[in-house]
file model.txt (compact mmCIF, C-alpha atoms and all ligand atoms)
# COMPACT_ATOMS: atom_id res chain seq x y z
CA MET X 1 -68.54 17.00 4.86
CA ARG X 2 -66.27 14.95 2.57
CA VAL X 3 -66.26 17.81 -0.03
CA HIS X 4 -65.21 20.16 2.73
CA ILE X 5 -62.14 18.09 3.61
CA ASN X 6 -61.08 17.82 -0.06
CA ILE X 7 -61.29 21.57 -0.56
CA ASN X 8 -59.15 22.09 2.53
CA LEU X 9 -56.65 19.56 1.21
CA LEU X 10 -56.60 21.24 -2.20
CA GLY X 11 -56.14 24.64 -0.55
CA SER X 12 -53.18 23.52 1.50
CA CYS X 13 -51.62 21.84 -1.56
CA VAL X 14 -51.91 25.06 -3.56
CA LEU X 15 -50.53 27.05 -0.63
CA THR X 16 -47.58 24.66 -0.24
CA LEU X 17 -46.91 24.89 -3.97
CA LEU X 18 -46.94 28.68 -3.80
CA VAL X 19 -44.59 28.76 -0.82
CA VAL X 20 -42.19 26.28 -2.47
CA SER X 21 -42.26 28.22 -5.77
CA TYR X 22 -41.60 31.51 -3.97
CA ALA X 23 -38.72 29.96 -2.02
CA ALA X 24 -37.26 28.54 -5.26
CA TRP X 25 -37.60 31.94 -6.95
CA LEU X 26 -35.83 33.58 -4.01
CA VAL X 27 -33.00 31.04 -4.24
CA PHE X 28 -32.55 31.28 -8.01
CA LYS X 29 -33.21 35.03 -8.41
CA PRO X 30 -29.54 36.03 -7.85
CA GLU X 31 -28.53 33.56 -10.63
CA VAL X 32 -30.95 35.25 -13.01
CA ALA X 33 -29.58 38.65 -12.04
CA ARG X 34 -26.07 37.43 -12.88
CA PHE X 35 -27.20 36.91 -16.48
CA GLU X 36 -28.20 40.53 -16.88
CA LYS X 37 -26.04 42.61 -14.60
CA ALA X 38 -22.32 42.97 -14.04
CA ILE X 39 -20.83 41.75 -10.78
CA VAL X 40 -17.74 43.65 -9.75
CA ALA X 41 -15.55 41.75 -7.31
CA ASP X 42 -12.06 42.82 -6.14
CA SER X 43 -10.09 42.20 -9.30
CA VAL X 44 -12.67 40.41 -11.44
CA VAL X 45 -15.58 41.89 -13.37
CA TYR X 46 -18.23 39.33 -14.33
CA LEU X 47 -19.72 40.83 -17.47
CA PRO X 48 -23.45 40.77 -18.29
CA TYR X 49 -24.20 37.84 -20.55
CA PRO X 50 -24.38 38.39 -24.32
CA ALA X 51 -27.88 38.87 -25.66
CA ARG X 52 -29.70 40.52 -28.51
CA ILE X 53 -29.84 44.14 -27.38
CA THR X 54 -29.78 46.27 -30.53
CA ASN X 55 -32.36 46.92 -33.21
CA MET X 56 -29.85 47.78 -35.90
CA SER X 57 -29.56 45.46 -38.89
CA VAL X 58 -26.14 44.32 -40.07
CA GLU X 59 -26.57 46.31 -43.31
CA GLU X 60 -27.23 49.51 -41.36
CA ALA X 61 -24.23 48.86 -39.12
CA ILE X 62 -22.04 48.38 -42.21
CA LEU X 63 -23.46 51.57 -43.75
CA LEU X 64 -22.88 53.62 -40.59
CA ARG X 65 -19.48 52.20 -39.63
CA ARG X 66 -16.91 54.97 -39.76
CA SER X 67 -13.58 55.53 -38.02
CA ILE X 68 -14.58 57.90 -35.24
CA ARG X 69 -11.92 59.97 -33.46
CA GLU X 70 -13.95 62.49 -31.45
CA TYR X 71 -16.01 61.48 -28.45
CA THR X 72 -18.30 63.14 -25.91
CA SER X 73 -17.45 62.83 -22.21
CA ASP X 74 -20.07 60.05 -21.87
CA PRO X 75 -18.85 56.70 -20.54
CA VAL X 76 -19.34 53.32 -22.19
CA LYS X 77 -22.04 51.31 -20.40
CA ILE X 78 -20.76 48.01 -19.04
CA GLU X 79 -23.46 45.97 -20.80
CA HIS X 80 -22.31 47.57 -24.06
CA LEU X 81 -18.63 46.93 -23.39
CA ALA X 82 -19.60 43.32 -22.66
CA MET X 83 -21.32 43.05 -26.05
CA ILE X 84 -18.36 44.63 -27.88
CA LEU X 85 -15.89 42.22 -26.24
CA TRP X 86 -18.10 39.25 -26.97
CA ALA X 87 -18.48 40.37 -30.61
CA ALA X 88 -14.70 40.73 -30.80
CA TYR X 89 -13.62 37.31 -29.59
CA GLY X 90 -16.35 35.80 -27.42
CA VAL X 91 -17.56 32.23 -27.69
CA THR X 92 -20.36 31.53 -30.18
CA ASP X 93 -20.13 27.73 -30.24
CA PRO X 94 -20.60 26.14 -26.83
CA LYS X 95 -19.57 22.70 -28.12
CA TRP X 96 -16.09 23.53 -29.41
CA GLY X 97 -15.55 27.00 -28.00
CA PHE X 98 -15.35 28.59 -31.46
CA ARG X 99 -15.42 32.37 -31.42
CA ALA X 100 -17.21 35.37 -32.93
CA SER X 101 -14.15 35.92 -35.18
CA PRO X 102 -12.83 33.16 -37.44
CA SER X 103 -9.37 31.71 -36.84
CA ALA X 104 -7.13 29.56 -39.05
CA GLY X 105 -7.40 26.01 -37.71
CA ALA X 106 -9.14 27.47 -34.64
CA THR X 107 -5.70 28.28 -33.23
CA TYR X 108 -7.00 31.55 -31.72
CA PRO X 109 -3.77 33.52 -31.44
CA LEU X 110 -5.32 36.75 -30.11
CA GLU X 111 -5.51 38.16 -26.58
CA VAL X 112 -7.77 41.08 -25.74
CA TYR X 113 -6.91 43.79 -23.20
CA VAL X 114 -9.06 46.78 -22.23
CA VAL X 115 -7.65 50.11 -21.04
CA ILE X 116 -10.32 51.94 -19.06
CA GLY X 117 -10.09 55.60 -18.07
CA GLU X 118 -11.43 57.34 -14.96
CA SER X 119 -15.26 57.16 -15.07
CA GLY X 120 -14.89 55.44 -18.44
CA VAL X 121 -17.22 52.50 -17.89
CA LEU X 122 -20.57 52.93 -16.18
CA VAL X 123 -21.61 49.94 -14.07
CA ARG X 124 -24.83 51.49 -12.75
CA GLU X 125 -26.07 55.02 -11.93
CA GLY X 126 -23.12 56.81 -10.27
CA GLU X 127 -20.86 53.71 -10.20
CA TYR X 128 -17.92 53.21 -12.55
CA LEU X 129 -15.33 50.51 -13.10
CA LYS X 130 -11.96 51.21 -11.53
CA ALA X 131 -9.68 52.87 -14.09
CA GLY X 132 -6.99 50.45 -15.20
CA VAL X 133 -5.92 47.70 -17.56
CA TYR X 134 -8.07 44.58 -17.77
CA LYS X 135 -7.75 41.34 -19.69
CA TYR X 136 -10.79 39.67 -21.30
CA ASP X 137 -11.32 35.99 -20.47
CA VAL X 138 -13.34 34.79 -23.45
CA HIS X 139 -14.48 31.51 -21.93
CA LYS X 140 -15.68 32.95 -18.62
CA HIS X 141 -16.78 36.23 -20.22
CA LEU X 142 -15.11 38.30 -17.51
CA LEU X 143 -12.44 40.94 -17.11
CA THR X 144 -9.46 40.48 -14.82
CA LEU X 145 -7.83 43.61 -13.45
CA ILE X 146 -4.15 43.66 -14.45
CA LYS X 147 -3.20 47.08 -13.08
CA THR X 148 -4.99 50.14 -11.72
CA GLY X 149 -4.79 53.79 -12.77
CA ASP X 150 -5.86 55.89 -15.73
CA LEU X 151 -3.22 54.86 -18.28
CA ARG X 152 -4.83 56.40 -21.37
CA GLY X 153 -2.17 59.14 -21.52
CA ASP X 154 0.63 56.56 -21.42
CA LEU X 155 -1.13 54.50 -24.09
CA ALA X 156 -1.52 57.60 -26.30
CA ASP X 157 2.19 58.43 -25.82
CA ALA X 158 3.03 54.91 -27.03
CA ALA X 159 0.70 55.54 -30.00
CA LEU X 160 2.61 58.60 -31.28
CA GLY X 161 0.40 60.95 -29.24
CA GLN X 162 -2.84 60.13 -31.06
CA LYS X 163 -5.48 62.27 -29.33
CA TRP X 164 -8.31 59.76 -29.69
CA VAL X 165 -6.34 57.20 -27.68
CA ARG X 166 -5.90 59.78 -24.91
CA GLU X 167 -9.54 60.88 -24.94
CA ALA X 168 -11.64 57.76 -25.54
CA PRO X 169 -13.16 56.43 -22.30
CA VAL X 170 -12.11 52.91 -23.31
CA SER X 171 -9.53 51.37 -25.64
CA ILE X 172 -9.37 47.74 -26.60
CA VAL X 173 -5.83 46.51 -27.20
CA VAL X 174 -5.53 43.40 -29.36
CA CYS X 175 -2.36 41.35 -29.00
CA ALA X 176 -1.24 38.30 -30.97
CA VAL X 177 0.65 35.27 -29.74
CA PHE X 178 2.02 34.36 -33.17
CA GLU X 179 3.46 31.02 -32.08
CA ARG X 180 -0.01 29.48 -31.62
CA THR X 181 -0.64 29.81 -35.36
CA VAL X 182 2.94 29.71 -36.67
CA SER X 183 3.58 26.36 -34.95
CA ARG X 184 0.83 24.90 -37.17
CA TYR X 185 1.15 26.92 -40.39
CA GLY X 186 4.70 28.26 -40.39
CA GLU X 187 5.47 31.57 -42.15
CA ARG X 188 2.03 31.71 -43.79
CA GLY X 189 0.54 31.87 -40.33
CA ARG X 190 2.84 34.79 -39.37
CA VAL X 191 2.44 36.99 -42.44
CA ARG X 192 -1.11 36.13 -43.48
CA TYR X 193 -3.34 34.32 -41.00
CA VAL X 194 -2.64 36.22 -37.78
CA PRO X 195 -2.92 39.73 -39.31
CA MET X 196 -6.10 38.65 -41.13
CA GLU X 197 -7.60 37.51 -37.85
CA VAL X 198 -6.83 40.82 -36.16
CA GLY X 199 -8.78 42.45 -39.00
CA HIS X 200 -11.77 40.17 -38.45
CA LEU X 201 -11.82 41.05 -34.77
CA GLY X 202 -11.46 44.75 -35.52
CA GLN X 203 -14.39 44.74 -37.91
CA ASN X 204 -16.61 42.98 -35.38
CA VAL X 205 -15.71 45.65 -32.83
CA TYR X 206 -16.50 48.41 -35.32
CA LEU X 207 -19.91 46.91 -36.20
CA MET X 208 -21.00 46.09 -32.66
CA ALA X 209 -19.90 49.53 -31.45
CA THR X 210 -21.81 51.17 -34.32
CA ALA X 211 -24.98 49.17 -33.59
CA LEU X 212 -24.81 50.27 -29.94
CA GLY X 213 -24.35 53.95 -30.81
CA TYR X 214 -20.60 54.20 -30.19
CA GLY X 215 -17.76 55.15 -32.47
CA ALA X 216 -14.40 53.38 -32.78
CA VAL X 217 -11.19 53.64 -34.75
CA VAL X 218 -8.59 50.96 -35.32
CA VAL X 219 -5.10 52.25 -34.60
CA GLY X 220 -2.08 50.45 -35.97
CA ALA X 221 0.55 53.17 -35.48
CA PHE X 222 2.33 52.67 -32.14
CA TYR X 223 5.52 51.46 -30.53
CA ASP X 224 4.99 47.77 -29.74
CA ASP X 225 7.24 47.77 -26.68
CA GLY X 226 5.63 50.97 -25.35
CA VAL X 227 2.13 49.45 -25.59
CA GLN X 228 3.34 46.18 -24.05
CA LEU X 229 4.72 48.12 -21.11
CA VAL X 230 1.49 50.06 -20.53
CA ILE X 231 -0.74 46.98 -20.52
CA SER X 232 1.81 44.68 -18.83
CA ALA X 233 1.54 42.23 -21.72
CA LYS X 234 3.58 39.03 -21.68
CA PRO X 235 6.67 39.16 -23.93
CA GLU X 236 5.04 36.82 -26.47
CA GLU X 237 1.89 39.00 -26.70
CA ILE X 238 2.57 41.39 -29.58
CA PRO X 239 0.23 44.43 -29.77
CA MET X 240 -1.56 44.60 -33.15
CA TYR X 241 -4.39 47.12 -32.74
CA ILE X 242 -5.46 49.76 -30.26
CA ILE X 243 -9.20 50.43 -30.69
CA PRO X 244 -10.45 53.54 -28.87
CA ILE X 245 -14.23 53.54 -28.34
CA GLY X 246 -16.57 56.29 -27.17
CA VAL X 247 -19.83 58.08 -27.88
CA PRO X 248 -19.28 60.05 -31.10
CA THR X 249 -19.67 63.83 -31.03
CA LYS X 250 -21.01 63.58 -34.59
CA PRO X 251 -22.65 60.21 -35.31
CA PRO X 252 -22.52 59.27 -39.02
CA ARG X 253 -25.80 60.05 -40.81
CA THR X 254 -25.30 58.40 -44.23
CA SER X 255 -28.45 56.84 -45.72
CA PHE X 256 -28.87 54.20 -48.41
CA GLU X 257 -30.39 56.96 -50.58
CA ASP X 258 -27.04 58.79 -50.34
CA ILE X 259 -25.29 55.67 -51.59
CA TRP X 260 -27.79 55.23 -54.45
CA GLY X 261 -27.07 58.83 -55.43
CA TYR X 262 -23.33 58.11 -55.40
CA ILE X 263 -23.73 55.02 -57.59
CA GLU X 264 -26.18 56.70 -60.00
CA ALA X 265 -23.89 59.73 -60.47
CA ARG X 266 -21.02 57.42 -61.43
CA ARG X 267 -23.14 55.26 -63.73
CA SER X 268 -24.36 58.31 -65.64
CA GLY X 269 -20.99 60.07 -65.62
C1 LIG X 301 -4.37 48.54 -40.55
C2 LIG X 301 -4.97 49.87 -40.22
C3 LIG X 301 -4.26 50.75 -39.42
C4 LIG X 301 -4.81 51.99 -39.06
N1 LIG X 301 -4.13 52.80 -38.23
C5 LIG X 301 -4.68 53.98 -37.84
C6 LIG X 301 -4.01 54.82 -36.93
O1 LIG X 301 -2.92 54.53 -36.46
N2 LIG X 301 -4.61 55.97 -36.58
C7 LIG X 301 -5.84 56.34 -37.06
O2 LIG X 301 -6.34 57.39 -36.68
N3 LIG X 301 -6.51 55.57 -37.94
C8 LIG X 301 -5.97 54.39 -38.34
N4 LIG X 301 -6.65 53.58 -39.19
C9 LIG X 301 -8.01 53.96 -39.67
C10 LIG X 301 -7.98 54.48 -41.12
O3 LIG X 301 -7.40 55.75 -41.13
C11 LIG X 301 -9.43 54.52 -41.66
O4 LIG X 301 -9.93 53.20 -41.71
C12 LIG X 301 -9.50 55.15 -43.05
O5 LIG X 301 -9.23 56.53 -42.97
C13 LIG X 301 -10.87 54.95 -43.72
O6 LIG X 301 -11.89 55.51 -42.93
P1 LIG X 301 -13.11 54.62 -42.37
O7 LIG X 301 -12.54 53.60 -41.46
O8 LIG X 301 -14.00 55.60 -41.67
O9 LIG X 301 -13.78 53.97 -43.53
C14 LIG X 301 -6.10 52.36 -39.56
C15 LIG X 301 -6.80 51.44 -40.36
C16 LIG X 301 -6.26 50.22 -40.67
C17 LIG X 301 -7.08 49.24 -41.50
call {"tool": "encode", "arguments": {"input": "model.txt", "output": "structure tokens"}}
result
Amino acid sequence: MRVHININLLGSCVLTLLVVSYAAWLVFKPEVARFEKAIVADSVVYLPYPARITNMSVEEAILLRRSIREYTSDPVKIEHLAMILWAAYGVTDPKWGFRASPSAGATYPLEVYVVIGESGVLVREGEYLKAGVYKYDVHKHLLTLIKTGDLRGDLADAALGQKWVREAPVSIVVCAVFERTVSRYGERGRVRYVPMEVGHLGQNVYLMATALGYGAVVVGAFYDDGVQLVISAKPEEIPMYIIPIGVPTKPPRTSFEDIWGYIEARRSG
């Protein structure tokens, strides 16, 4: 009889535990989903959290990095755009907020905008981000909509008509607020540190894009005021790079054997 009661007690304990666990899972499930999926609100796009999602080694990404100027009509997936933005300037040190790209004295002079074309970024099957200009918030890992409309043509016009700016589904525009670095380092900050930092960011974009199967090209030829106008940048935000990104029509196929052949031919020549 006593055994009977204990088994009943055990059963109800297990049942209660199961019910409580299920309820907790139901409550916390949306939080978990936020880690993996984008949430598109009115003018804010919460990006999927950064994670290890490629199988490409850094040496392969370096080997296969090429400036790519021809793209298919495929969009950039939002989880991939999120990774590219994080690799560009996202936070990699939760204690101090240090970033994926190094910065002189951690002054972080750069601001990152994204120009997205019509059907340029795929959120999920059949759903795309609104075409427009967005600004990347590095600390919250989200995009804020600055203005709507497909402005790739206007951006290309400001970039001397470069076709790849017009045709890429997405372009990252990197701006520099020189004063943040110049106030600490003077002229050396203006002529050396800030341009160096733009290069670091650009290379991270190239490598992350390559590892994810995209192609990119850094574009430095444009009218600063024209680009500022298109992205509605603040007067102190000086455009430094436009980086169009898309799926390459011809992905680079270089192998390490090709490079060995190149080196051997020169050694024996
Ligand atoms: C500072 C800088 C500015 C550049 N500006 C442009 C540009 O305006 N348009 C363009 O098509 N490529 C531009 N490029 C890309 C170069 O043309 C490219 O890096 C070079 O041809 C070598 O090719 P690779 O990047 O595939 O190695 C630029 C590169 C750098 C580093």
call {"tool": "atom_distance", "arguments": {"input": "model.txt", "atom1": "atom CA of X:Asp137", "atom2": "atom CA of X:Ala100"}}
result
13.8 Å
call {"tool": "residues_near_ligand", "arguments": {"input": "model.txt", "ligand": "ligand LIG 301 (chain X)", "cutoff": "8 Å", "atoms": "only C-alpha atoms and all ligand atoms", "output": "list in words"}}
result
Arg65, Arg66, Ser67, Ile68, Arg69, Ala159, Gln162, Trp164, Gly199, Val217, Val218, Val219, Gly220, Ala221, Phe222 and Tyr241 of chain X
call {"tool": "atom_distance", "arguments": {"input": "model.txt", "atom1": "atom CA of X:Glu111", "atom2": "atom CA of X:Thr72"}}
result
28.1 Å
call {"tool": "closest_residue", "arguments": {"input": "model.txt", "among": "X:Leu110, X:Val227, X:Leu212, X:Leu145", "to": "X:His80", "atoms": "all atoms listed in the file"}}
result
X:Leu212
call {"tool": "residues_around", "arguments": {"input": "model.txt", "residues": "X:Lys163", "least_positions_apart": "4", "cutoff": "12 Å", "atoms": "only C-alpha atoms", "output": "mmCIF file with C-alpha atoms, keeping the file's coordinate frame"}}
result
data_model
loop_
_atom_site.group_PDB
_atom_site.id
_atom_site.type_symbol
_atom_site.label_atom_id
_atom_site.label_comp_id
_atom_site.auth_asym_id
_atom_site.auth_seq_id
_atom_site.Cartn_x
_atom_site.Cartn_y
_atom_site.Cartn_z
ATOM 1 C CA ILE X 68 -14.580 57.900 -35.240
ATOM 2 C CA ARG X 69 -11.920 59.970 -33.460
ATOM 3 C CA GLU X 70 -13.950 62.490 -31.450
ATOM 4 C CA TYR X 71 -16.010 61.480 -28.450
ATOM 5 C CA ARG X 152 -4.830 56.400 -21.370
ATOM 6 C CA GLY X 153 -2.170 59.140 -21.520
ATOM 7 C CA ASP X 154 0.630 56.560 -21.420
ATOM 8 C CA LEU X 155 -1.130 54.500 -24.090
ATOM 9 C CA ALA X 156 -1.520 57.600 -26.300
ATOM 10 C CA ASP X 157 2.190 58.430 -25.820
ATOM 11 C CA ALA X 158 3.030 54.910 -27.030
ATOM 12 C CA ALA X 159 0.700 55.540 -30.000
ATOM 13 C CA GLU X 167 -9.540 60.880 -24.940
ATOM 14 C CA ALA X 168 -11.640 57.760 -25.540
ATOM 15 C CA PRO X 169 -13.160 56.430 -22.300
ATOM 16 C CA VAL X 217 -11.190 53.640 -34.750
ATOM 17 C CA VAL X 219 -5.100 52.250 -34.600
ATOM 18 C CA PRO X 244 -10.450 53.540 -28.870
#
call {"tool": "closest_atom_pairs", "arguments": {"input": "model.txt", "of": "stretch 13-125 of chain X", "to": "stretch 178-194 of chain X", "cutoff": "12 Å", "atoms": "all atoms listed in the file", "output": "tab-separated table"}}
result
residue	atom	partner	partner_atom	distance
X:Ser101	CA	X:Val194	CA	11.8
X:Pro102	CA	X:Tyr193	CA	10.2
X:Ser103	CA	X:Tyr193	CA	7.8
X:Ala104	CA	X:Tyr193	CA	6.4
X:Gly105	CA	X:Thr181	CA	8.1
X:Ala106	CA	X:Thr181	CA	8.8
X:Thr107	CA	X:Thr181	CA	5.7
X:Tyr108	CA	X:Arg180	CA	7.3
X:Pro109	CA	X:Arg180	CA	5.5
X:Leu110	CA	X:Val194	CA	8.1
X:Glu111	CA	X:Phe178	CA	10.7
call {"tool": "atom_distance", "arguments": {"input": "model.txt", "atom1": "atom CA of X:Trp260", "atom2": "atom CA of X:Tyr206"}}
result
23.2 Å
call {"tool": "closest_residue", "arguments": {"input": "model.txt", "among": "X:Ser43, X:Val247, X:Ile231, X:Ile78", "to": "X:Ala211", "atoms": "all atoms listed in the file"}}
result
X:Val247
call {"tool": "closest_residue", "arguments": {"input": "model.txt", "among": "X:Gly202, X:Gly126, X:Gly132, X:Gly246", "to": "X:Cys175", "atoms": "all atoms listed in the file"}}
result
X:Gly202
call {"tool": "closest_residue", "arguments": {"input": "model.txt", "among": "X:Thr144, X:Ala61, X:Ser73, X:Lys234", "to": "X:Asp42", "atoms": "only C-alpha atoms"}}
result
X:Thr144
call {"tool": "residues_around", "arguments": {"input": "model.txt", "residues": "X:Arg99", "least_positions_apart": "2", "cutoff": "6 Å", "atoms": "only C-alpha atoms", "output": "list in words"}}
result
Tyr89, Gly90, Val91, Thr92 and Ser101 of chain X
call {"tool": "write_last_selection", "arguments": {"input": "model.txt", "atoms": "C-alpha atoms", "output": "PDB file, keeping the file's coordinate frame"}}
result
ATOM      1  CA  TYR X  89     -13.620  37.310 -29.590  1.00  0.00           C
ATOM      2  CA  GLY X  90     -16.350  35.800 -27.420  1.00  0.00           C
ATOM      3  CA  VAL X  91     -17.560  32.230 -27.690  1.00  0.00           C
ATOM      4  CA  THR X  92     -20.360  31.530 -30.180  1.00  0.00           C
ATOM      5  CA  SER X 101     -14.150  35.920 -35.180  1.00  0.00           C
TER       6      SER X 101
END
call {"tool": "closest_residue", "arguments": {"input": "model.txt", "among": "X:Ser12, X:Trp96, X:Gly117, X:Leu207", "to": "X:Val165", "atoms": "all atoms listed in the file"}}
result
X:Gly117
call {"tool": "residues_around", "arguments": {"input": "model.txt", "residues": "X:Asp258", "least_positions_apart": "6", "cutoff": "12 Å", "atoms": "only C-alpha atoms", "output": "PyMOL selection string"}}
result
chain X and resi 63-64+264-265
call {"tool": "residues_near_point", "arguments": {"input": "model.txt", "point": "(-16.1, 52.9, -15.8)", "cutoff": "9 Å", "atoms": "only C-alpha atoms", "output": "PyMOL selection string"}}
result
chain X and resi 75-78+116-123+127-131+169-170
call {"tool": "build_atoms", "arguments": {"input": "model.txt", "residues": "stretch 161-172 of chain X", "atoms": "N, CA, C and O atoms", "output": "mmCIF file, keeping the file's coordinate frame"}}
result
data_model
loop_
_atom_site.group_PDB
_atom_site.id
_atom_site.type_symbol
_atom_site.label_atom_id
_atom_site.label_comp_id
_atom_site.auth_asym_id
_atom_site.auth_seq_id
_atom_site.Cartn_x
_atom_site.Cartn_y
_atom_site.Cartn_z
ATOM 1 N N GLY X 161 1.183 59.806 -29.723
ATOM 2 C CA GLY X 161 0.400 60.950 -29.240
ATOM 3 C C GLY X 161 -0.985 61.075 -29.843
ATOM 4 O O GLY X 161 -1.581 62.160 -29.760
ATOM 5 N N GLN X 162 -1.514 60.027 -30.413
ATOM 6 C CA GLN X 162 -2.840 60.130 -31.060
ATOM 7 C C GLN X 162 -3.912 60.489 -30.014
ATOM 8 O O GLN X 162 -4.114 59.758 -29.041
ATOM 9 N N LYS X 163 -4.557 61.638 -30.290
ATOM 10 C CA LYS X 163 -5.480 62.270 -29.330
ATOM 11 C C LYS X 163 -6.641 61.366 -28.945
ATOM 12 O O LYS X 163 -7.085 61.341 -27.809
ATOM 13 N N TRP X 164 -7.134 60.607 -29.919
ATOM 14 C CA TRP X 164 -8.310 59.760 -29.690
ATOM 15 C C TRP X 164 -7.995 58.632 -28.709
ATOM 16 O O TRP X 164 -8.880 58.158 -27.997
ATOM 17 N N VAL X 165 -6.729 58.235 -28.652
ATOM 18 C CA VAL X 165 -6.340 57.200 -27.680
ATOM 19 C C VAL X 165 -6.349 57.813 -26.275
ATOM 20 O O VAL X 165 -6.764 57.184 -25.308
ATOM 21 N N ARG X 166 -5.928 59.079 -26.203
ATOM 22 C CA ARG X 166 -5.900 59.780 -24.910
ATOM 23 C C ARG X 166 -7.325 60.055 -24.411
ATOM 24 O O ARG X 166 -7.602 59.995 -23.224
ATOM 25 N N GLU X 167 -8.241 60.354 -25.344
ATOM 26 C CA GLU X 167 -9.540 60.880 -24.940
ATOM 27 C C GLU X 167 -10.674 59.852 -24.856
ATOM 28 O O GLU X 167 -11.646 60.078 -24.142
ATOM 29 N N ALA X 168 -10.560 58.759 -25.574
ATOM 30 C CA ALA X 168 -11.640 57.760 -25.540
ATOM 31 C C ALA X 168 -11.769 57.190 -24.119
ATOM 32 O O ALA X 168 -10.761 56.933 -23.469
ATOM 33 N N PRO X 169 -13.001 56.991 -23.650
ATOM 34 C CA PRO X 169 -13.160 56.430 -22.300
ATOM 35 C C PRO X 169 -12.574 55.027 -22.169
ATOM 36 O O PRO X 169 -12.133 54.619 -21.087
ATOM 37 N N VAL X 170 -12.567 54.312 -23.310
ATOM 38 C CA VAL X 170 -12.110 52.910 -23.310
ATOM 39 C C VAL X 170 -11.300 52.656 -24.572
ATOM 40 O O VAL X 170 -11.649 53.151 -25.643
ATOM 41 N N SER X 171 -10.223 51.894 -24.452
ATOM 42 C CA SER X 171 -9.530 51.370 -25.640
ATOM 43 C C SER X 171 -9.347 49.873 -25.493
ATOM 44 O O SER X 171 -8.912 49.399 -24.436
ATOM 45 N N ILE X 172 -9.673 49.166 -26.559
ATOM 46 C CA ILE X 172 -9.370 47.740 -26.600
ATOM 47 C C ILE X 172 -7.981 47.598 -27.206
ATOM 48 O O ILE X 172 -7.674 48.275 -28.194
#
